[in-house]
>>> print(open('input_39.cif').read())   # mmCIF, C-alpha atoms
data_work
#
loop_
_atom_site.label_atom_id
_atom_site.label_comp_id
_atom_site.auth_asym_id
_atom_site.auth_seq_id
_atom_site.Cartn_x
_atom_site.Cartn_y
_atom_site.Cartn_z
CA MET A 10 -16.85 -5.43 0.34
CA GLN A 11 -13.86 -3.39 1.47
CA ASP A 12 -12.87 -5.80 4.22
CA ALA A 13 -12.74 -8.69 1.77
CA LEU A 14 -10.36 -6.81 -0.48
CA ILE A 15 -8.12 -5.76 2.38
CA ILE A 16 -8.02 -9.31 3.71
CA GLY A 17 -7.11 -10.41 0.19
CA CYS A 18 -4.15 -8.02 0.22
CA ASP A 19 -3.00 -9.45 3.55
CA ILE A 20 -3.17 -12.98 2.15
CA TYR A 21 -1.02 -11.99 -0.78
CA ARG A 22 1.48 -10.34 1.55
CA ASP A 23 1.84 -13.65 3.40
CA ILE A 24 2.04 -15.89 0.37
CA TYR A 25 3.84 -13.67 -2.10
CA ASN A 26 6.28 -11.74 0.04
CA GLY A 27 8.75 -9.44 -1.68
CA GLY A 28 11.54 -12.02 -1.47
CA ILE A 29 9.97 -14.44 -3.93
CA MET A 30 11.07 -14.87 -7.52
CA MET A 31 8.27 -13.95 -9.88
CA LEU A 32 8.05 -14.20 -13.66
CA ILE A 33 5.67 -12.24 -15.88
CA ARG A 34 5.69 -13.98 -19.27
CA GLY A 35 5.14 -12.53 -22.71
CA VAL A 36 3.82 -9.13 -21.65
CA ARG A 37 3.94 -5.86 -23.56
CA VAL A 38 6.33 -3.76 -21.47
CA ILE A 39 5.92 0.01 -21.63
CA ASP A 40 8.43 2.12 -19.72
CA PRO A 41 7.70 5.81 -20.39
CA LEU A 42 10.97 7.07 -18.92
CA SER A 43 13.17 5.12 -21.35
CA GLY A 44 10.61 4.90 -24.16
CA MET A 45 10.73 1.09 -24.16
CA ASP A 46 7.72 -0.60 -25.75
CA ARG A 47 8.26 -4.28 -26.54
CA THR A 48 7.12 -7.77 -25.66
CA ALA A 49 9.31 -9.32 -22.97
CA ASP A 50 9.49 -11.39 -19.79
CA ILE A 51 9.91 -9.57 -16.47
CA GLU A 52 11.69 -11.24 -13.55
CA THR A 53 11.42 -9.87 -10.00
CA GLU A 54 13.20 -10.89 -6.81
CA ASN A 55 13.56 -9.36 -3.34
CA GLY A 56 11.23 -6.52 -4.25
CA VAL A 57 13.17 -5.32 -7.30
CA ILE A 58 13.15 -6.01 -11.03
CA ARG A 59 15.89 -8.57 -11.68
CA GLY A 60 15.65 -8.45 -15.45
CA ILE A 61 13.56 -7.72 -18.55
CA ARG A 62 14.38 -10.35 -21.18
CA THR A 63 13.19 -10.40 -24.76
CA ALA A 64 13.67 -14.16 -25.10
CA VAL A 65 10.62 -16.18 -24.11
CA HIS A 66 11.28 -18.55 -21.22
CA ARG A 67 10.99 -22.26 -21.96
CA GLU A 68 8.88 -24.47 -19.72
CA ASP A 69 11.97 -26.27 -18.41
CA GLU A 70 13.45 -22.91 -17.38
CA ILE A 71 10.35 -22.07 -15.36
CA ARG A 72 9.82 -25.29 -13.41
CA GLY A 73 11.35 -24.97 -9.96
CA ASN A 74 12.88 -21.55 -10.66
CA TYR A 75 9.95 -19.25 -9.95
CA GLU A 76 7.51 -19.24 -7.08
CA HIS A 77 4.87 -17.41 -9.07
CA VAL A 78 4.32 -17.07 -12.83
CA ILE A 79 1.88 -14.65 -14.49
CA ASP A 80 0.80 -15.10 -18.10
CA GLY A 81 1.08 -11.60 -19.57
CA ALA A 82 -0.36 -12.39 -23.01
CA GLY A 83 -2.64 -9.55 -24.12
CA LEU A 84 -1.64 -7.37 -21.17
CA ILE A 85 0.47 -4.24 -20.78
CA ALA A 86 3.03 -4.00 -17.98
CA ALA A 87 3.80 -0.47 -16.85
CA PRO A 88 5.38 1.10 -13.78
CA GLY A 89 2.99 1.17 -10.85
CA LEU A 90 0.85 4.29 -11.13
CA ILE A 91 1.58 7.31 -8.90
CA ASP A 92 -1.15 9.62 -7.63
CA VAL A 93 0.02 12.97 -6.27
CA HIS A 94 -3.43 14.05 -5.06
CA SER A 95 -5.56 11.77 -2.85
CA HIS A 96 -7.65 12.16 0.29
CA PHE A 97 -7.76 9.13 2.59
CA ARG A 98 -9.67 11.02 5.34
CA ASP A 99 -7.62 9.38 8.07
CA PRO A 100 -7.49 10.60 10.80
CA GLY A 101 -10.82 12.18 11.58
CA GLN A 102 -13.29 11.09 8.91
CA THR A 103 -12.83 7.34 8.72
CA GLU A 104 -16.51 6.79 7.94
CA LYS A 105 -15.53 8.03 4.44
CA GLU A 106 -12.16 6.31 4.01
CA THR A 107 -9.31 4.83 6.04
CA LEU A 108 -5.68 4.30 5.23
CA ALA A 109 -6.49 0.62 4.64
CA SER A 110 -9.54 1.12 2.40
CA GLY A 111 -7.81 3.92 0.49
CA ALA A 112 -4.79 1.70 -0.09
CA ALA A 113 -7.06 -1.12 -1.30
CA ALA A 114 -8.76 1.28 -3.73
CA ALA A 115 -5.37 2.46 -4.96
CA ALA A 116 -4.13 -1.09 -5.53
CA ARG A 117 -7.33 -1.96 -7.40
CA GLY A 118 -6.75 1.03 -9.66
CA GLY A 119 -3.13 0.10 -10.42
CA TYR A 120 -1.56 2.64 -8.06
CA THR A 121 1.50 1.62 -6.05
CA THR A 122 2.35 5.09 -4.71
CA VAL A 123 -0.14 7.64 -3.37
CA ILE A 124 0.56 11.08 -1.94
CA CYS A 125 -2.15 12.07 0.52
CA MET A 126 -3.39 15.58 1.14
CA ALA A 127 -3.10 17.25 4.53
CA ASN A 128 -6.74 18.29 5.17
CA THR A 129 -7.44 15.55 7.70
CA VAL A 130 -9.03 16.14 11.11
CA PRO A 131 -6.85 17.42 12.71
CA PRO A 132 -4.83 18.77 9.78
CA VAL A 133 -1.33 17.47 9.17
CA ASP A 134 0.50 20.47 10.58
CA SER A 135 2.43 18.91 13.45
CA PRO A 136 5.00 16.13 13.95
CA GLY A 137 2.54 14.09 16.01
CA VAL A 138 -0.10 13.87 13.28
CA ILE A 139 2.26 13.07 10.43
CA SER A 140 4.20 10.53 12.51
CA ASP A 141 0.99 8.69 13.35
CA ILE A 142 -0.02 8.48 9.69
CA LEU A 143 3.38 7.38 8.41
CA GLU A 144 3.81 4.76 11.13
CA ARG A 145 0.45 3.18 10.29
CA ALA A 146 1.22 3.44 6.57
CA GLU A 147 4.19 1.09 6.96
CA ASN A 148 1.79 -1.86 7.05
CA LEU A 149 -0.13 -0.91 3.91
CA PRO A 150 0.18 -2.93 0.69
CA ILE A 151 1.13 0.21 -1.28
CA ARG A 152 3.52 3.11 -0.68
CA LEU A 153 1.81 6.04 1.03
CA LEU A 154 3.47 9.44 1.28
CA GLN A 155 1.99 12.28 3.30
CA THR A 156 2.01 16.04 2.73
CA SER A 157 2.04 18.71 5.40
CA THR A 158 -0.18 21.76 5.40
CA VAL A 159 1.32 25.02 4.22
CA THR A 160 -0.29 27.02 7.02
CA GLU A 161 -1.13 26.24 10.63
CA LYS A 162 -4.60 24.67 10.96
CA MET A 163 -5.05 25.46 7.24
CA LYS A 164 -6.17 28.96 8.19
CA GLY A 165 -3.97 30.68 5.62
CA LYS A 166 -2.32 33.01 8.12
CA THR A 167 0.88 31.49 9.54
CA VAL A 168 3.26 29.24 7.62
CA VAL A 169 4.06 25.96 9.38
CA ASP A 170 7.59 25.06 10.41
CA MET A 171 8.38 23.55 7.02
CA GLU A 172 11.86 22.38 7.93
CA LEU A 173 10.50 20.53 10.98
CA MET A 174 7.69 18.88 8.99
CA ALA A 175 10.18 17.84 6.31
CA ARG A 176 12.34 16.18 8.97
CA TYR A 177 9.31 14.21 10.12
CA GLY A 178 8.67 12.91 6.62
CA ALA A 179 6.47 15.40 4.80
CA ALA A 180 6.61 14.74 1.06
CA GLY A 181 5.52 18.28 0.19
CA PHE A 182 3.17 21.03 1.31
CA THR A 183 -0.45 21.88 0.52
CA ASP A 184 -3.55 23.46 2.01
CA ASP A 185 -5.56 21.62 -0.66
CA GLY A 186 -9.24 22.32 -0.29
CA ARG A 187 -8.52 25.86 0.80
CA PRO A 188 -6.81 28.56 -1.28
CA ILE A 189 -4.09 30.68 0.30
CA THR A 190 -5.43 34.14 -0.45
CA ASP A 191 -2.82 36.23 1.37
CA PRO A 192 0.00 36.97 -1.13
CA GLY A 193 2.47 37.63 1.69
CA VAL A 194 1.83 34.22 3.24
CA ILE A 195 2.18 32.30 -0.02
CA THR A 196 5.34 34.25 -0.92
CA GLU A 197 6.91 33.35 2.43
CA ALA A 198 5.87 29.72 1.99
CA MET A 199 7.31 29.51 -1.52
CA ARG A 200 10.63 30.98 -0.37
CA LYS A 201 10.90 28.40 2.43
CA ALA A 202 9.86 25.51 0.18
CA SER A 203 12.37 26.63 -2.44
CA ARG A 204 15.20 26.51 0.11
CA LEU A 205 14.11 22.99 1.08
CA GLY A 206 13.78 21.91 -2.57
CA MET A 207 10.18 20.75 -1.98
CA VAL A 208 6.90 21.12 -3.82
CA ILE A 209 3.94 23.29 -2.85
CA SER A 210 0.63 22.10 -4.34
CA LEU A 211 -2.03 24.77 -4.72
CA HIS A 212 -5.82 24.74 -4.80
CA GLU A 213 -6.53 27.84 -6.86
CA GLU A 214 -10.00 29.26 -6.17
CA ASP A 215 -10.39 32.83 -4.93
CA PRO A 216 -13.50 32.73 -2.72
CA GLU A 217 -14.45 36.23 -3.85
CA TYR A 218 -15.47 34.72 -7.19
CA VAL A 219 -17.27 31.67 -5.79
CA VAL A 220 -20.90 32.10 -4.75
CA ASN A 221 -21.93 28.44 -4.87
CA PRO A 222 -18.99 26.01 -5.03
CA GLY A 223 -19.02 22.84 -7.08
CA VAL A 224 -20.79 24.07 -10.22
CA ASN A 225 -19.53 26.34 -12.99
CA ALA A 226 -21.06 29.79 -13.14
CA GLY A 227 -22.99 29.49 -16.38
CA ASN A 228 -25.91 27.74 -18.00
CA THR A 229 -25.97 24.75 -15.68
CA SER A 230 -25.78 26.80 -12.48
CA LEU A 231 -28.66 28.93 -13.71
CA LYS A 232 -30.74 25.79 -14.30
CA LEU A 233 -30.04 24.80 -10.70
CA GLY A 234 -30.97 28.27 -9.47
CA LEU A 235 -27.40 28.89 -8.28
CA GLU A 236 -24.73 31.46 -9.16
CA GLY A 237 -21.85 28.98 -9.16
CA ALA A 238 -18.06 29.37 -9.26
CA ASP A 239 -16.64 31.71 -11.88
CA ARG A 240 -13.55 30.65 -13.84
CA ALA A 241 -11.95 33.91 -12.72
CA ALA A 242 -11.66 32.38 -9.24
CA GLU A 243 -9.08 29.97 -10.58
CA GLU A 244 -7.39 32.09 -13.21
CA ILE A 245 -6.64 35.06 -10.95
CA MET A 246 -4.86 32.87 -8.41
CA VAL A 247 -3.04 30.81 -11.04
CA GLU A 248 -1.60 33.99 -12.56
CA ARG A 249 -0.56 35.34 -9.15
CA ASP A 250 1.11 32.14 -8.00
CA CYS A 251 2.95 31.54 -11.27
CA LEU A 252 4.48 35.01 -10.93
CA ILE A 253 5.45 34.42 -7.30
CA ALA A 254 6.93 31.03 -8.17
CA LYS A 255 9.16 32.61 -10.79
CA GLU A 256 10.27 35.31 -8.34
CA THR A 257 11.03 32.88 -5.50
CA GLY A 258 12.35 29.95 -7.55
CA ALA A 259 9.81 27.64 -5.92
CA ARG A 260 8.47 24.49 -7.54
CA ILE A 261 4.68 24.64 -7.47
CA ASP A 262 1.97 22.24 -8.59
CA ILE A 263 -1.24 23.79 -9.88
CA GLN A 264 -3.84 21.25 -8.81
CA HIS A 265 -6.85 20.04 -10.83
CA VAL A 266 -6.78 22.74 -13.52
CA SER A 267 -10.28 23.34 -14.88
CA SER A 268 -10.31 26.30 -17.28
CA ALA A 269 -8.87 27.13 -20.68
CA GLY A 270 -7.58 30.43 -19.32
CA SER A 271 -5.63 28.66 -16.57
CA VAL A 272 -4.03 26.28 -19.07
CA GLU A 273 -2.81 29.24 -21.15
CA LEU A 274 -1.49 31.10 -18.10
CA ILE A 275 0.48 28.02 -17.03
CA ARG A 276 1.79 27.57 -20.56
CA LEU A 277 3.07 31.16 -20.56
CA ALA A 278 4.61 30.80 -17.10
CA LYS A 279 6.54 27.72 -18.19
CA LYS A 280 7.84 29.56 -21.24
CA GLY A 281 8.91 32.36 -18.91
CA GLY A 282 11.04 30.00 -16.83
CA ALA A 283 8.83 29.40 -13.78
CA ASP A 284 9.10 25.94 -12.18
CA VAL A 285 5.36 25.33 -12.52
CA TRP A 286 3.83 21.87 -12.79
CA CYS A 287 0.20 21.12 -13.44
CA GLU A 288 -2.39 18.38 -12.79
CA ALA A 289 -5.50 17.45 -14.74
CA THR A 290 -8.07 15.10 -13.25
CA PRO A 291 -9.85 12.40 -15.25
CA HIS A 292 -13.20 14.06 -14.54
CA HIS A 293 -12.06 17.39 -15.97
CA PHE A 294 -10.87 15.84 -19.24
CA SER A 295 -13.86 13.46 -19.45
CA MET A 296 -16.94 15.52 -18.53
CA THR A 297 -18.46 18.98 -18.79
CA GLU A 298 -20.91 20.99 -16.69
CA GLU A 299 -23.91 19.53 -18.54
CA ILE A 300 -23.50 16.24 -16.65
CA VAL A 301 -24.36 18.01 -13.39
CA THR A 302 -28.04 18.21 -14.36
CA ALA A 303 -28.11 14.42 -14.75
CA LYS A 304 -25.75 13.35 -11.94
CA GLY A 305 -26.44 16.10 -9.42
CA THR A 306 -24.17 16.11 -6.37
CA MET A 307 -22.22 13.12 -7.72
CA ALA A 308 -20.79 15.57 -10.26
CA LYS A 309 -20.15 18.32 -7.71
CA MET A 310 -16.46 19.06 -7.19
CA ASN A 311 -14.07 21.96 -6.64
CA PRO A 312 -13.07 23.36 -9.05
CA PRO A 313 -16.20 22.50 -11.01
CA LEU A 314 -16.65 20.87 -14.38
CA ARG A 315 -16.78 23.61 -16.98
CA THR A 316 -17.53 23.85 -20.71
CA GLU A 317 -16.53 21.74 -23.70
CA ALA A 318 -14.05 24.47 -24.70
CA ASP A 319 -12.39 24.12 -21.29
CA ARG A 320 -12.30 20.33 -21.56
CA LEU A 321 -10.66 20.52 -24.98
CA ALA A 322 -8.13 23.07 -23.71
CA ILE A 323 -7.18 20.66 -20.93
CA ILE A 324 -6.70 17.89 -23.49
CA LYS A 325 -4.56 20.24 -25.58
CA GLY A 326 -2.49 20.97 -22.47
CA LEU A 327 -2.01 17.26 -21.93
CA GLN A 328 -0.93 16.87 -25.55
CA ASP A 329 1.66 19.65 -25.60
CA GLY A 330 3.09 18.98 -22.13
CA THR A 331 1.68 22.05 -20.40
CA ILE A 332 -0.10 19.57 -18.13
CA GLU A 333 2.44 16.93 -17.10
CA ILE A 334 0.40 14.95 -14.58
CA ILE A 335 -2.93 13.17 -14.33
CA ALA A 336 -4.03 13.12 -10.68
CA THR A 337 -7.23 11.70 -9.26
CA ASP A 338 -8.21 14.12 -6.47
CA HIS A 339 -9.75 11.01 -4.88
CA ALA A 340 -12.23 12.59 -2.42
CA PRO A 341 -14.55 10.14 -0.64
CA HIS A 342 -17.85 11.25 0.92
CA THR A 343 -20.69 9.26 2.45
CA ARG A 344 -23.96 8.55 0.66
CA GLU A 345 -25.84 10.59 3.27
CA GLU A 346 -23.67 13.64 2.61
CA LYS A 347 -24.11 13.42 -1.15
CA GLU A 348 -27.89 13.02 -0.80
CA ARG A 349 -28.21 16.51 0.66
CA PRO A 350 -29.53 19.38 -1.53
CA PHE A 351 -26.92 20.49 -4.06
CA ALA A 352 -25.89 23.68 -2.26
CA GLU A 353 -25.42 21.78 1.03
CA ALA A 354 -23.64 18.64 -0.23
CA PRO A 355 -19.83 18.43 -0.06
CA SER A 356 -17.74 18.69 -3.21
CA GLY A 357 -15.57 15.84 -4.44
CA ILE A 358 -15.64 12.41 -6.07
CA ILE A 359 -13.63 9.22 -5.75
CA GLY A 360 -11.23 8.45 -8.58
CA LEU A 361 -8.45 5.95 -7.90
CA GLU A 362 -10.31 2.96 -9.33
CA THR A 363 -11.46 4.61 -12.58
CA SER A 364 -8.50 6.85 -13.45
CA LEU A 365 -6.56 4.55 -15.79
CA ALA A 366 -9.69 3.40 -17.62
CA LEU A 367 -10.88 6.98 -18.11
CA GLY A 368 -7.50 7.86 -19.56
CA ILE A 369 -7.66 4.94 -21.99
CA THR A 370 -11.31 5.54 -22.89
CA ASN A 371 -11.26 9.31 -23.26
CA LEU A 372 -7.66 10.07 -24.25
CA VAL A 373 -6.04 7.03 -25.90
CA LYS A 374 -8.98 5.56 -27.83
CA PRO A 375 -9.93 8.95 -29.39
CA ARG A 376 -6.19 9.37 -30.20
CA HIS A 377 -5.65 12.51 -28.16
CA LEU A 378 -2.69 10.74 -26.52
CA ASP A 379 -0.96 7.47 -27.24
CA MET A 380 -0.49 4.87 -24.49
CA MET A 381 3.09 5.95 -23.84
CA GLN A 382 2.02 9.56 -23.31
CA LEU A 383 -0.82 8.58 -21.00
CA LEU A 384 1.40 6.38 -18.85
CA ARG A 385 4.07 9.06 -18.67
CA LYS A 386 1.56 11.36 -16.96
CA LEU A 387 0.64 8.61 -14.51
CA THR A 388 4.13 7.36 -13.64
CA CYS A 389 7.49 8.98 -14.35
CA ASN A 390 6.24 12.58 -14.49
CA PRO A 391 4.71 12.58 -10.99
CA ALA A 392 7.81 10.73 -9.77
CA GLU A 393 10.02 13.44 -11.25
CA MET A 394 8.01 16.26 -9.71
CA TYR A 395 8.44 14.77 -6.23
CA GLY A 396 11.90 13.29 -6.80
CA LEU A 397 10.74 9.73 -6.11
CA ASP A 398 12.57 6.48 -6.79
CA ALA A 399 9.55 5.17 -8.68
CA GLY A 400 7.74 5.33 -12.00
CA VAL A 401 10.22 3.27 -14.01
CA LEU A 402 10.52 -0.30 -15.33
CA THR A 403 14.17 -1.24 -15.59
CA GLU A 404 16.59 -3.70 -14.07
CA GLY A 405 17.31 -2.82 -10.44
CA ALA A 406 14.25 -0.59 -10.07
CA PRO A 407 11.58 -1.28 -7.43
CA ALA A 408 9.21 -4.03 -8.54
CA ASP A 409 6.17 -1.74 -8.59
CA ILE A 410 4.19 -2.85 -11.63
CA VAL A 411 0.66 -2.60 -12.98
CA LEU A 412 -0.63 -5.18 -15.48
CA PHE A 413 -3.76 -4.20 -17.39
CA ASP A 414 -5.83 -5.22 -20.38
CA PRO A 415 -6.27 -2.06 -22.47
CA ASP A 416 -9.14 -3.54 -24.47
CA GLU A 417 -11.29 -5.10 -21.75
CA ARG A 418 -14.61 -3.30 -21.39
CA TRP A 419 -16.28 -3.04 -18.00
CA THR A 420 -19.12 -1.13 -16.40
CA VAL A 421 -18.43 1.00 -13.34
CA SER A 422 -20.37 -0.25 -10.33
CA CYS A 423 -20.35 0.51 -6.61
CA GLU A 424 -20.03 -3.22 -5.98
CA ASP A 425 -16.60 -3.16 -7.63
CA PHE A 426 -15.12 -0.39 -5.47
CA ALA A 427 -12.69 -1.12 -2.66
CA SER A 428 -13.14 2.43 -1.39
CA LYS A 429 -15.54 2.85 1.51
CA SER A 430 -17.35 5.48 -0.55
CA CYS A 431 -19.19 5.36 -3.87
CA ASN A 432 -19.48 9.04 -4.82
CA SER A 433 -18.65 8.79 -8.52
CA PRO A 434 -20.42 10.32 -11.52
CA PHE A 435 -19.07 7.43 -13.61
CA ILE A 436 -21.33 4.78 -12.05
CA GLY A 437 -22.99 2.94 -14.93
CA CYS A 438 -20.44 4.13 -17.51
CA SER A 439 -18.83 1.59 -19.84
CA LEU A 440 -15.04 2.01 -19.86
CA LEU A 441 -12.10 0.39 -21.62
CA GLY A 442 -9.02 -0.80 -19.76
CA ARG A 443 -9.07 -3.03 -16.69
CA VAL A 444 -6.35 -3.59 -14.13
CA LYS A 445 -5.56 -7.30 -13.80
CA TYR A 446 -2.66 -7.24 -11.32
CA THR A 447 -0.97 -4.64 -9.15
CA ILE A 448 2.47 -5.54 -7.79
CA CYS A 449 4.14 -3.41 -5.12
CA ARG A 450 7.61 -4.14 -3.67
CA GLY A 451 7.51 -7.43 -5.55
CA SER A 452 4.24 -8.53 -3.87
CA ILE A 453 0.91 -9.04 -5.61
CA VAL A 454 -1.37 -6.59 -3.81
CA TYR A 455 -4.33 -6.83 -6.19
CA GLU A 456 -5.52 -9.49 -8.60
CA ASP A 457 -8.67 -9.03 -10.67
CA GLY A 458 -11.35 -11.47 -9.63
CA HIS A 459 -9.78 -12.29 -6.27
CA ARG A 460 -11.92 -11.80 -3.16
#
>>> encode(input="input_39.cif", output="structure tokens")
Amino acid sequence: MQDALIIGCDIYRDIYNGGIMMLIRGVRVIDPLSGMDRTADIETENGVIRGIRTAVHREDEIRGNYEHVIDGAGLIAAPGLIDVHSHFRDPGQTEKETLASGAAAAARGGYTTVICMANTVPPVDSPGVISDILERAENLPIRLLQTSTVTEKMKGKTVVDMELMARYGAAGFTDDGRPITDPGVITEAMRKASRLGMVISLHEEDPEYVVNPGVNAGNTSLKLGLEGADRAAEEIMVERDCLIAKETGARIDIQHVSSAGSVELIRLAKKGGADVWCEATPHHFSMTEEIVTAKGTMAKMNPPLRTEADRLAIIKGLQDGTIEIIATDHAPHTREEKERPFAEAPSGIIGLETSLALGITNLVKPRHLDMMQLLRKLTCNPAEMYGLDAGVLTEGAPADIVLFDPDERWTVSCEDFASKSCNSPFIGCSLLGRVKYTICRGSIVYEDGHR
């Protein structure tokens, strides 16, 4: 399944290289950065957007002038989606995902830029590892950026040479998957990152408050005979790191926020002037801990799904701007790993291919957010946090575009995934919003229905 999709991307790269002239006709164009929302024609050439014209092209204008024409009727065109939190497991765990399969999953989900976490095997804490990844990423159909670890070997004791890793292409720094519990280490790291003007992304779970990871300490964990992960594990570290960020002037990203208390702490830190950004995942705004009894290890993740009050607080944070970014935390695992007993199975789910549809289904359709607000959290906001030349639809911008039908209903199935893994609690769910085309650097890298 995956190989067919990757081959398909290669075919498109040959036929529709970035130098072609492409026309997308009569599409609803939404650009969250400028606030544009209108029906128009989009022209691309040499990998950039040549123009966005309100006037509809006549047939005689099209013949011989464009090498590829897409009928955009009924579709929305938005900037290519940007994920600031993905795990491609390469190097070291390629039975779960590779750079190629992860890129194919991203393209299928409408993502044209993905920032990968540093917890590979070995971790990305040296020039050799990051150079290998970035060199291989040059041949991918999407844009892949790579973070460095914050600490050597992700042990939380010694800060890496951040300046060196930045010179070798690190997009930011994170020990994602492992919290940095030593306040002296994280203070040193924030000071160094602040001087470099780079982001530190933080997994906030104090292990002292986690007995069994992956399930909220509460009713559901008791049903499973487990003690679970208390919300205090997250909230204590969020409060600490927001205070240190304000003191050091560092830009930090609180990853995959899961509790109402954390949302309020981040809200207060922002009001106090700290440069704190925040991610919510689609699973944390779509599900609660009750689903764990039905889905088992497929709904096991760190931090865990919590209560309905927590889910609603996350949605409120998305509404008022406390949470600026929707990130997938795409975390592939094999079927064999997820079939282990709950306490022994790894935490994490895949998410690149369901993220946009979950946002439409569980945020836009219930009118928690409008489409412009949703797309802002998937495009220009993550671009702003990382300072990327991406996340915008305007003349002269990179031709990174997603075209999707917001009203098409589809059922999530393993057979539809380009990822090598299928560890999703959304299998069998009926969702609204389907990606029809993903265009990166002016090339079609995914087309719905193409194999």
>>> residues_around(input="input_39.cif", residues="region 162-174 of chain A", least_positions_apart="5", cutoff="7 Å", atoms="all atoms listed in the file", output="PyMOL selection string")
chain A and resi 132+134-136+157+179+184+189+194+198
>>> residues_around(input="input_39.cif", residues="Ser110 (chain A)", least_positions_apart="2", cutoff="10 Å", atoms="all atoms listed in the file", output="PyMOL selection string")
chain A and resi 11-12+14-15+97+103+105-108+112-116+149+426-430
>>> resolve_selection(input="input_39.cif", expression="the PyMOL selection byres ((chain A and resi 305) around 12)", output="ChimeraX atom specification")
/A:223-224,229-230,232-233,298-304,306-310,314,347-358,432-434
>>> atom_distance(input="input_39.cif", atom1="CA of Ile261 (chain A)", atom2="CA of Leu90 (chain A)")
21.0 Å
>>> residues_near_point(input="input_39.cif", point="(7.1, 3.8, -12.1)", cutoff="6 Å", atoms="only C-alpha atoms", output="PDB file with C-alpha atoms, in the frame of the given file")
ATOM      1  CA  PRO A  88       5.380   1.100 -13.780  1.00  0.00           C
ATOM      2  CA  GLY A  89       2.990   1.170 -10.850  1.00  0.00           C
ATOM      3  CA  THR A 388       4.130   7.360 -13.640  1.00  0.00           C
ATOM      4  CA  CYS A 389       7.490   8.980 -14.350  1.00  0.00           C
ATOM      5  CA  ALA A 399       9.550   5.170  -8.680  1.00  0.00           C
ATOM      6  CA  GLY A 400       7.740   5.330 -12.000  1.00  0.00           C
ATOM      7  CA  VAL A 401      10.220   3.270 -14.010  1.00  0.00           C
TER       8      VAL A 401
END
>>> atom_distance(input="input_39.cif", atom1="CA of Ile58 (chain A)", atom2="CA of Met394 (chain A)")
22.9 Å
>>> resolve_selection(input="input_39.cif", expression="the PyMOL selection byres ((chain A and resi 450) around 6)", output="ChimeraX atom specification")
/A:27,56,408-409,449,451-452
>>> resolve_selection(input="input_39.cif", expression="the PyMOL selection byres ((chain A and resi 288) around 8)", output="list in words")
Asp262, Ile263, Gln264, His265, Val266, Trp286, Cys287, Ala289, Thr290, Ile332, Glu333, Ile334, Ile335 and Ala336 of chain A
>>> residues_around(input="input_39.cif", residues="Leu372 (chain A)", least_positions_apart="3", cutoff="12 Å", atoms="only C-alpha atoms", output="PDB file with C-alpha atoms, in the coordinates of the input")
ATOM      1  CA  PRO A 291      -9.850  12.400 -15.250  1.00  0.00           C
ATOM      2  CA  HIS A 292     -13.200  14.060 -14.540  1.00  0.00           C
ATOM      3  CA  HIS A 293     -12.060  17.390 -15.970  1.00  0.00           C
ATOM      4  CA  PHE A 294     -10.870  15.840 -19.240  1.00  0.00           C
ATOM      5  CA  SER A 295     -13.860  13.460 -19.450  1.00  0.00           C
ATOM      6  CA  ARG A 320     -12.300  20.330 -21.560  1.00  0.00           C
ATOM      7  CA  LEU A 321     -10.660  20.520 -24.980  1.00  0.00           C
ATOM      8  CA  ILE A 323      -7.180  20.660 -20.930  1.00  0.00           C
ATOM      9  CA  ILE A 324      -6.700  17.890 -23.490  1.00  0.00           C
ATOM     10  CA  LYS A 325      -4.560  20.240 -25.580  1.00  0.00           C
ATOM     11  CA  LEU A 327      -2.010  17.260 -21.930  1.00  0.00           C
ATOM     12  CA  GLN A 328      -0.930  16.870 -25.550  1.00  0.00           C
ATOM     13  CA  ILE A 335      -2.930  13.170 -14.330  1.00  0.00           C
ATOM     14  CA  SER A 364      -8.500   6.850 -13.450  1.00  0.00           C
ATOM     15  CA  LEU A 365      -6.560   4.550 -15.790  1.00  0.00           C
ATOM     16  CA  ALA A 366      -9.690   3.400 -17.620  1.00  0.00           C
ATOM     17  CA  LEU A 367     -10.880   6.980 -18.110  1.00  0.00           C
ATOM     18  CA  GLY A 368      -7.500   7.860 -19.560  1.00  0.00           C
ATOM     19  CA  ILE A 369      -7.660   4.940 -21.990  1.00  0.00           C
ATOM     20  CA  PRO A 375      -9.930   8.950 -29.390  1.00  0.00           C
ATOM     21  CA  ARG A 376      -6.190   9.370 -30.200  1.00  0.00           C
ATOM     22  CA  HIS A 377      -5.650  12.510 -28.160  1.00  0.00           C
ATOM     23  CA  LEU A 378      -2.690  10.740 -26.520  1.00  0.00           C
ATOM     24  CA  ASP A 379      -0.960   7.470 -27.240  1.00  0.00           C
ATOM     25  CA  MET A 380      -0.490   4.870 -24.490  1.00  0.00           C
ATOM     26  CA  MET A 381       3.090   5.950 -23.840  1.00  0.00           C
ATOM     27  CA  GLN A 382       2.020   9.560 -23.310  1.00  0.00           C
ATOM     28  CA  LEU A 383      -0.820   8.580 -21.000  1.00  0.00           C
ATOM     29  CA  LEU A 384       1.400   6.380 -18.850  1.00  0.00           C
ATOM     30  CA  LYS A 386       1.560  11.360 -16.960  1.00  0.00           C
ATOM     31  CA  LEU A 440     -15.040   2.010 -19.860  1.00  0.00           C
ATOM     32  CA  LEU A 441     -12.100   0.390 -21.620  1.00  0.00           C
ATOM     33  CA  GLY A 442      -9.020  -0.800 -19.760  1.00  0.00           C
TER      34      GLY A 442
END
>>> closest_residue(input="input_39.cif", among="A:Asn221, A:Thr331, A:Ala322, A:Ile142", to="Ile275 (chain A)", atoms="all atoms listed in the file")
A:Thr331
>>> residues_around(input="input_39.cif", residues="Arg117 (chain A)", least_positions_apart="6", cutoff="9 Å", atoms="only C-alpha atoms", output="VMD selection string")
chain A and resid 14 361 to 362 426 to 427 444 to 447 454 to 457
